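The next block is input13.cif, given as mmCIF, C-alpha atoms, pLDDT in the B column; chains and numbers go by the auth columns.
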data_work
#
loop_
_atom_site.group_PDB
_atom_site.id
_atom_site.type_symbol
_atom_site.label_atom_id
_atom_site.label_comp_id
_atom_site.label_asym_id
_atom_site.label_seq_id
_atom_site.Cartn_x
_atom_site.Cartn_y
_atom_site.Cartn_z
_atom_site.B_iso_or_equiv
_atom_site.auth_seq_id
_atom_site.auth_asym_id
ATOM 1 C CA MET A 1 -21.567 -37.085 12.345 51.00 1 A
ATOM 2 C CA SER A 2 -24.222 -36.656 15.013 52.00 2 A
ATOM 3 C CA THR A 3 -27.898 -37.372 14.983 61.00 3 A
ATOM 4 C CA THR A 4 -30.590 -35.922 17.144 62.00 4 A
ATOM 5 C CA ALA A 5 -32.739 -38.398 19.011 70.00 5 A
ATOM 6 C CA VAL A 6 -36.478 -37.831 18.955 80.00 6 A
ATOM 7 C CA ALA A 7 -38.536 -39.024 21.884 89.00 7 A
ATOM 8 C CA PRO A 8 -41.017 -41.694 20.795 93.00 8 A
ATOM 9 C CA LEU A 9 -44.743 -41.523 21.295 95.00 9 A
ATOM 10 C CA THR A 10 -45.350 -42.856 24.803 95.00 10 A
ATOM 11 C CA ILE A 11 -48.383 -44.540 26.290 96.00 11 A
ATOM 12 C CA GLN A 12 -48.960 -41.373 28.315 97.00 12 A
ATOM 13 C CA ASP A 13 -48.898 -39.322 25.087 97.00 13 A
ATOM 14 C CA ALA A 14 -51.327 -41.771 23.488 97.00 14 A
ATOM 15 C CA GLU A 15 -53.697 -41.615 26.439 97.00 15 A
ATOM 16 C CA ALA A 16 -53.583 -37.798 26.331 98.00 16 A
ATOM 17 C CA LEU A 17 -54.450 -37.896 22.608 98.00 17 A
ATOM 18 C CA VAL A 18 -57.385 -40.238 23.208 97.00 18 A
ATOM 19 C CA ALA A 19 -58.693 -38.123 26.082 97.00 19 A
ATOM 20 C CA ALA A 20 -58.410 -34.892 24.072 98.00 20 A
ATOM 21 C CA ALA A 21 -60.228 -36.369 21.065 97.00 21 A
ATOM 22 C CA HIS A 22 -63.007 -37.710 23.310 96.00 22 A
ATOM 23 C CA ARG A 23 -63.361 -34.335 25.029 97.00 23 A
ATOM 24 C CA ALA A 24 -63.691 -32.580 21.666 97.00 24 A
ATOM 25 C CA ALA A 25 -66.204 -35.146 20.411 96.00 25 A
ATOM 26 C CA GLY A 26 -68.165 -35.063 23.676 95.00 26 A
ATOM 27 C CA ALA A 27 -68.388 -31.273 23.536 97.00 27 A
ATOM 28 C CA ALA A 28 -69.903 -31.647 20.061 97.00 28 A
ATOM 29 C CA GLY A 29 -72.272 -34.387 21.230 96.00 29 A
ATOM 30 C CA VAL A 30 -70.678 -37.005 18.969 95.00 30 A
ATOM 31 C CA ALA A 31 -69.884 -40.607 19.997 95.00 31 A
ATOM 32 C CA VAL A 32 -66.543 -41.737 18.571 95.00 32 A
ATOM 33 C CA SER A 33 -63.817 -44.334 18.691 95.00 33 A
ATOM 34 C CA VAL A 34 -60.204 -43.207 18.871 97.00 34 A
ATOM 35 C CA THR A 35 -57.090 -45.197 17.994 97.00 35 A
ATOM 36 C CA VAL A 36 -53.467 -44.155 18.532 97.00 36 A
ATOM 37 C CA LEU A 37 -50.587 -46.015 16.855 97.00 37 A
ATOM 38 C CA ASP A 38 -46.861 -45.613 17.429 96.00 38 A
ATOM 39 C CA ALA A 39 -44.416 -45.071 14.547 95.00 39 A
ATOM 40 C CA GLY A 40 -44.233 -48.830 13.934 93.00 40 A
ATOM 41 C CA GLY A 41 -48.005 -49.147 13.565 94.00 41 A
ATOM 42 C CA HIS A 42 -48.475 -50.760 16.973 95.00 42 A
ATOM 43 C CA LEU A 43 -51.613 -49.985 18.949 95.00 43 A
ATOM 44 C CA LEU A 44 -50.807 -47.768 21.942 96.00 44 A
ATOM 45 C CA ALA A 45 -54.286 -46.644 22.976 96.00 45 A
ATOM 46 C CA PHE A 46 -57.894 -47.173 21.963 94.00 46 A
ATOM 47 C CA ARG A 47 -61.261 -46.068 23.286 94.00 47 A
ATOM 48 C CA ARG A 48 -64.762 -46.549 21.927 91.00 48 A
ATOM 49 C CA ASP A 49 -67.643 -44.533 23.299 88.00 49 A
ATOM 50 C CA ASP A 50 -70.424 -46.916 24.342 85.00 50 A
ATOM 51 C CA ARG A 51 -72.821 -45.006 22.108 86.00 51 A
ATOM 52 C CA ALA A 52 -70.592 -45.305 19.016 81.00 52 A
ATOM 53 C CA VAL A 53 -71.394 -47.833 16.332 78.00 53 A
ATOM 54 C CA LEU A 54 -69.200 -50.935 16.513 78.00 54 A
ATOM 55 C CA ILE A 55 -67.561 -50.366 13.126 79.00 55 A
ATOM 56 C CA SER A 56 -66.213 -47.013 14.333 84.00 56 A
ATOM 57 C CA GLY A 57 -63.387 -48.898 16.082 85.00 57 A
ATOM 58 C CA GLU A 58 -62.165 -50.487 12.862 85.00 58 A
ATOM 59 C CA THR A 59 -62.648 -47.178 11.093 89.00 59 A
ATOM 60 C CA SER A 60 -60.537 -45.227 13.579 93.00 60 A
ATOM 61 C CA THR A 61 -57.768 -47.827 13.376 92.00 61 A
ATOM 62 C CA ARG A 62 -57.694 -47.774 9.583 89.00 62 A
ATOM 63 C CA LYS A 63 -57.653 -43.978 9.533 92.00 63 A
ATOM 64 C CA ALA A 64 -54.678 -43.922 11.940 94.00 64 A
ATOM 65 C CA TYR A 65 -52.887 -46.572 9.882 91.00 65 A
ATOM 66 C CA THR A 66 -53.438 -44.623 6.666 88.00 66 A
ATOM 67 C CA ALA A 67 -52.188 -41.358 8.204 93.00 67 A
ATOM 68 C CA LEU A 68 -49.123 -43.184 9.543 93.00 68 A
ATOM 69 C CA GLN A 69 -48.262 -45.009 6.316 89.00 69 A
ATOM 70 C CA LEU A 70 -48.587 -41.925 4.152 88.00 70 A
ATOM 71 C CA ASN A 71 -47.481 -39.384 6.798 93.00 71 A
ATOM 72 C CA ALA A 72 -50.372 -37.134 5.886 91.00 72 A
ATOM 73 C CA PRO A 73 -53.783 -36.216 7.267 92.00 73 A
ATOM 74 C CA THR A 74 -56.331 -38.467 5.608 89.00 74 A
ATOM 75 C CA ALA A 75 -58.482 -35.432 4.803 88.00 75 A
ATOM 76 C CA ASP A 76 -55.717 -34.328 2.419 86.00 76 A
ATOM 77 C CA LEU A 77 -55.757 -37.653 0.544 79.00 77 A
ATOM 78 C CA VAL A 78 -59.343 -37.847 -0.665 74.00 78 A
ATOM 79 C CA ASP A 79 -58.636 -36.454 -4.142 72.00 79 A
ATOM 80 C CA ALA A 80 -55.469 -38.542 -4.517 72.00 80 A
ATOM 81 C CA VAL A 81 -57.353 -41.852 -4.379 68.00 81 A
ATOM 82 C CA GLN A 82 -59.926 -41.026 -7.012 68.00 82 A
ATOM 83 C CA PRO A 83 -59.537 -42.976 -10.277 69.00 83 A
ATOM 84 C CA GLY A 84 -56.535 -41.536 -12.051 69.00 84 A
ATOM 85 C CA GLY A 85 -55.143 -40.074 -8.820 68.00 85 A
ATOM 86 C CA PRO A 86 -51.597 -40.865 -7.660 67.00 86 A
ATOM 87 C CA PHE A 87 -52.742 -43.199 -4.850 66.00 87 A
ATOM 88 C CA HIS A 88 -55.541 -44.932 -6.726 59.00 88 A
ATOM 89 C CA THR A 89 -53.777 -48.341 -6.792 59.00 89 A
ATOM 90 C CA LEU A 90 -51.988 -48.010 -3.442 58.00 90 A
ATOM 91 C CA PRO A 91 -54.487 -50.008 -1.342 55.00 91 A
ATOM 92 C CA THR A 92 -53.551 -53.189 -3.221 53.00 92 A
ATOM 93 C CA ALA A 93 -49.830 -52.504 -2.776 53.00 93 A
ATOM 94 C CA LEU A 94 -49.930 -52.650 1.031 54.00 94 A
ATOM 95 C CA ASP A 95 -50.736 -55.538 3.351 58.00 95 A
ATOM 96 C CA ARG A 96 -53.764 -53.784 4.849 57.00 96 A
ATOM 97 C CA PRO A 97 -56.581 -51.937 3.128 57.00 97 A
ATOM 98 C CA LEU A 98 -56.551 -48.198 3.561 60.00 98 A
ATOM 99 C CA LEU A 99 -59.454 -45.947 4.404 61.00 99 A
ATOM 100 C CA PHE A 100 -59.101 -42.555 2.805 64.00 100 A
ATOM 101 C CA ILE A 101 -61.602 -40.395 4.601 79.00 101 A
ATOM 102 C CA ALA A 102 -60.951 -37.602 7.047 89.00 102 A
ATOM 103 C CA GLY A 103 -60.143 -38.460 10.647 93.00 103 A
ATOM 104 C CA GLY A 104 -56.575 -39.761 10.521 95.00 104 A
ATOM 105 C CA VAL A 105 -53.733 -37.427 11.500 97.00 105 A
ATOM 106 C CA PRO A 106 -50.010 -38.178 11.786 97.00 106 A
ATOM 107 C CA VAL A 107 -48.288 -37.212 15.039 97.00 107 A
ATOM 108 C CA HIS A 108 -44.913 -35.503 14.811 96.00 108 A
ATOM 109 C CA ARG A 109 -42.296 -34.526 17.364 94.00 109 A
ATOM 110 C CA ASP A 110 -39.381 -32.288 16.398 92.00 110 A
ATOM 111 C CA GLY A 111 -40.433 -32.633 12.770 91.00 111 A
ATOM 112 C CA ARG A 112 -40.329 -36.441 12.751 94.00 112 A
ATOM 113 C CA LEU A 113 -43.205 -38.896 12.471 96.00 113 A
ATOM 114 C CA ILE A 114 -43.758 -40.694 15.793 96.00 114 A
ATOM 115 C CA GLY A 115 -47.279 -42.087 15.369 97.00 115 A
ATOM 116 C CA ALA A 116 -50.819 -41.355 14.279 97.00 116 A
ATOM 117 C CA ILE A 117 -54.320 -40.865 15.637 98.00 117 A
ATOM 118 C CA GLY A 118 -57.545 -41.949 14.020 96.00 118 A
ATOM 119 C CA VAL A 119 -61.077 -40.896 14.967 96.00 119 A
ATOM 120 C CA GLY A 120 -64.229 -42.556 13.663 94.00 120 A
ATOM 121 C CA GLY A 121 -67.899 -42.180 14.416 92.00 121 A
ATOM 122 C CA GLY A 122 -68.816 -38.667 13.363 92.00 122 A
ATOM 123 C CA ALA A 123 -69.021 -36.999 9.977 91.00 123 A
ATOM 124 C CA PRO A 124 -65.615 -37.038 8.234 89.00 124 A
ATOM 125 C CA GLU A 125 -65.102 -33.320 8.847 92.00 125 A
ATOM 126 C CA GLN A 126 -65.907 -33.755 12.545 95.00 126 A
ATOM 127 C CA ASP A 127 -63.574 -36.728 12.913 95.00 127 A
ATOM 128 C CA HIS A 128 -60.785 -34.734 11.271 95.00 128 A
ATOM 129 C CA ALA A 129 -61.370 -31.780 13.606 97.00 129 A
ATOM 130 C CA PHE A 130 -61.392 -34.050 16.688 97.00 130 A
ATOM 131 C CA ALA A 131 -58.120 -35.730 15.657 97.00 131 A
ATOM 132 C CA GLY A 132 -56.491 -32.416 14.765 96.00 132 A
ATOM 133 C CA SER A 133 -57.439 -30.816 18.058 97.00 133 A
ATOM 134 C CA ALA A 134 -56.130 -33.846 19.946 97.00 134 A
ATOM 135 C CA VAL A 135 -52.690 -33.568 18.318 97.00 135 A
ATOM 136 C CA GLU A 136 -52.443 -30.016 19.655 96.00 136 A
ATOM 137 C CA VAL A 137 -52.149 -31.366 23.232 95.00 137 A
ATOM 138 C CA LEU A 138 -48.662 -32.630 22.403 93.00 138 A
ATOM 139 C CA ALA A 139 -47.494 -29.319 20.931 82.00 139 A
#
Represent the structure contained in this file as structure tokens.
Amino acid sequence: MSTTAVAPLTIQDAEALVAAAHRAAGAAGVAVSVTVLDAGGHLLAFRRDDRAVLISGETSTRKAYTALQLNAPTADLVDAVQPGGPFHTLPTALDRPLLFIAGGVPVHRDGRLIGAIGVGGGAPEQDHAFAGSAVEVLA
């Protein structure tokens, strides 16, 4: 039986993701923070625009963590966490609170989860677009 190895998310990949998200946000005139985590939830790269509010750093990290843990874009999870939704009680089941608003996107390579990016600072739809466009640099 053979298995196919998948290259992990590298620091260079993480830096490329951060740079791409900041370029997209800068082009839109939005100040953001960007966090990139590897598949184990370890911080690989982070950048906060000097004009971004301080809490945007925690927000971007929580968005990345949520996207990683659930292997889904956080924009797709908003309805699931409403009362009665399938993830409504999940935040108390994990060791870290989750933030279910758009801006977190899982990063895949060869169909396997290798990390996640989170963007915070803009409107949820903007953050999601910035994170999604950043992931395209690794395609």
Since I can't run it myself right now, could you work out what the PyMOL selection byres ((chain A and resi 39-42) around 10) selects here and report it as a ChimeraX atom specification? /A:8-9,36-38,43-45,61,64-66,68-69,106-108,112-116
Report as a CSV table (one decimal) with C-alpha atoms, keeping the file's coordinate frame all protein, DNA and RNA residues lying within 7 Å of A:Ala72, evaluated on all atoms listed in the file, omitting residues in the same chain fewer than 4 positions from it.
chain,number,residue,atom,x,y,z
A,67,ALA,CA,-52.2,-41.4,8.2
A,76,ASP,CA,-55.7,-34.3,2.4
A,105,VAL,CA,-53.7,-37.4,11.5
A,106,PRO,CA,-50.0,-38.2,11.8
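A straight line drawn from atom CA of A:Ala134 to atom CA of A:Asp79 is 24.4 Å long.
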For A:His128, work out the shell of residues within 8 Å, counting all atoms listed in the file and skipping chain neighbours fewer than 6 positions away, then give it as a CSV table (one decimal) with C-alpha atoms, keeping the file's coordinate frame.
chain,number,residue,atom,x,y,z
A,75,ALA,CA,-58.5,-35.4,4.8
A,102,ALA,CA,-61.0,-37.6,7.0
A,103,GLY,CA,-60.1,-38.5,10.6
A,104,GLY,CA,-56.6,-39.8,10.5
A,105,VAL,CA,-53.7,-37.4,11.5
A,119,VAL,CA,-61.1,-40.9,15.0
Using all atoms listed in the file, which residue out of A:Thr35, A:Gly121, A:Ala80, A:Glu15 lies closest to A:Leu54?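 Of all the options, A:Gly121 lies closest to A:Leu54.
The interatomic distance for the pair atom CA of A:Asp127 and atom CA of A:Val32 works out to 8.1 Å.
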Could you tell me which of A:Ala5, A:Ala16, A:Leu70, A:Ala25 comes closest to A:Ala139 if we count all atoms listed in the file? A:Ala16
Separating atom CA of A:Ala52 from atom CA of A:Thr10, to the nearest tenth of an Å, is a gap of 26.0 Å
In the coordinate frame of the file, compute which residues have an atom within 10 Å of (-53.2, -29.7, 22.9) when using only C-alpha atoms, and state them as a PyMOL selection string. chain A and resi 16-17+20-21+132-139
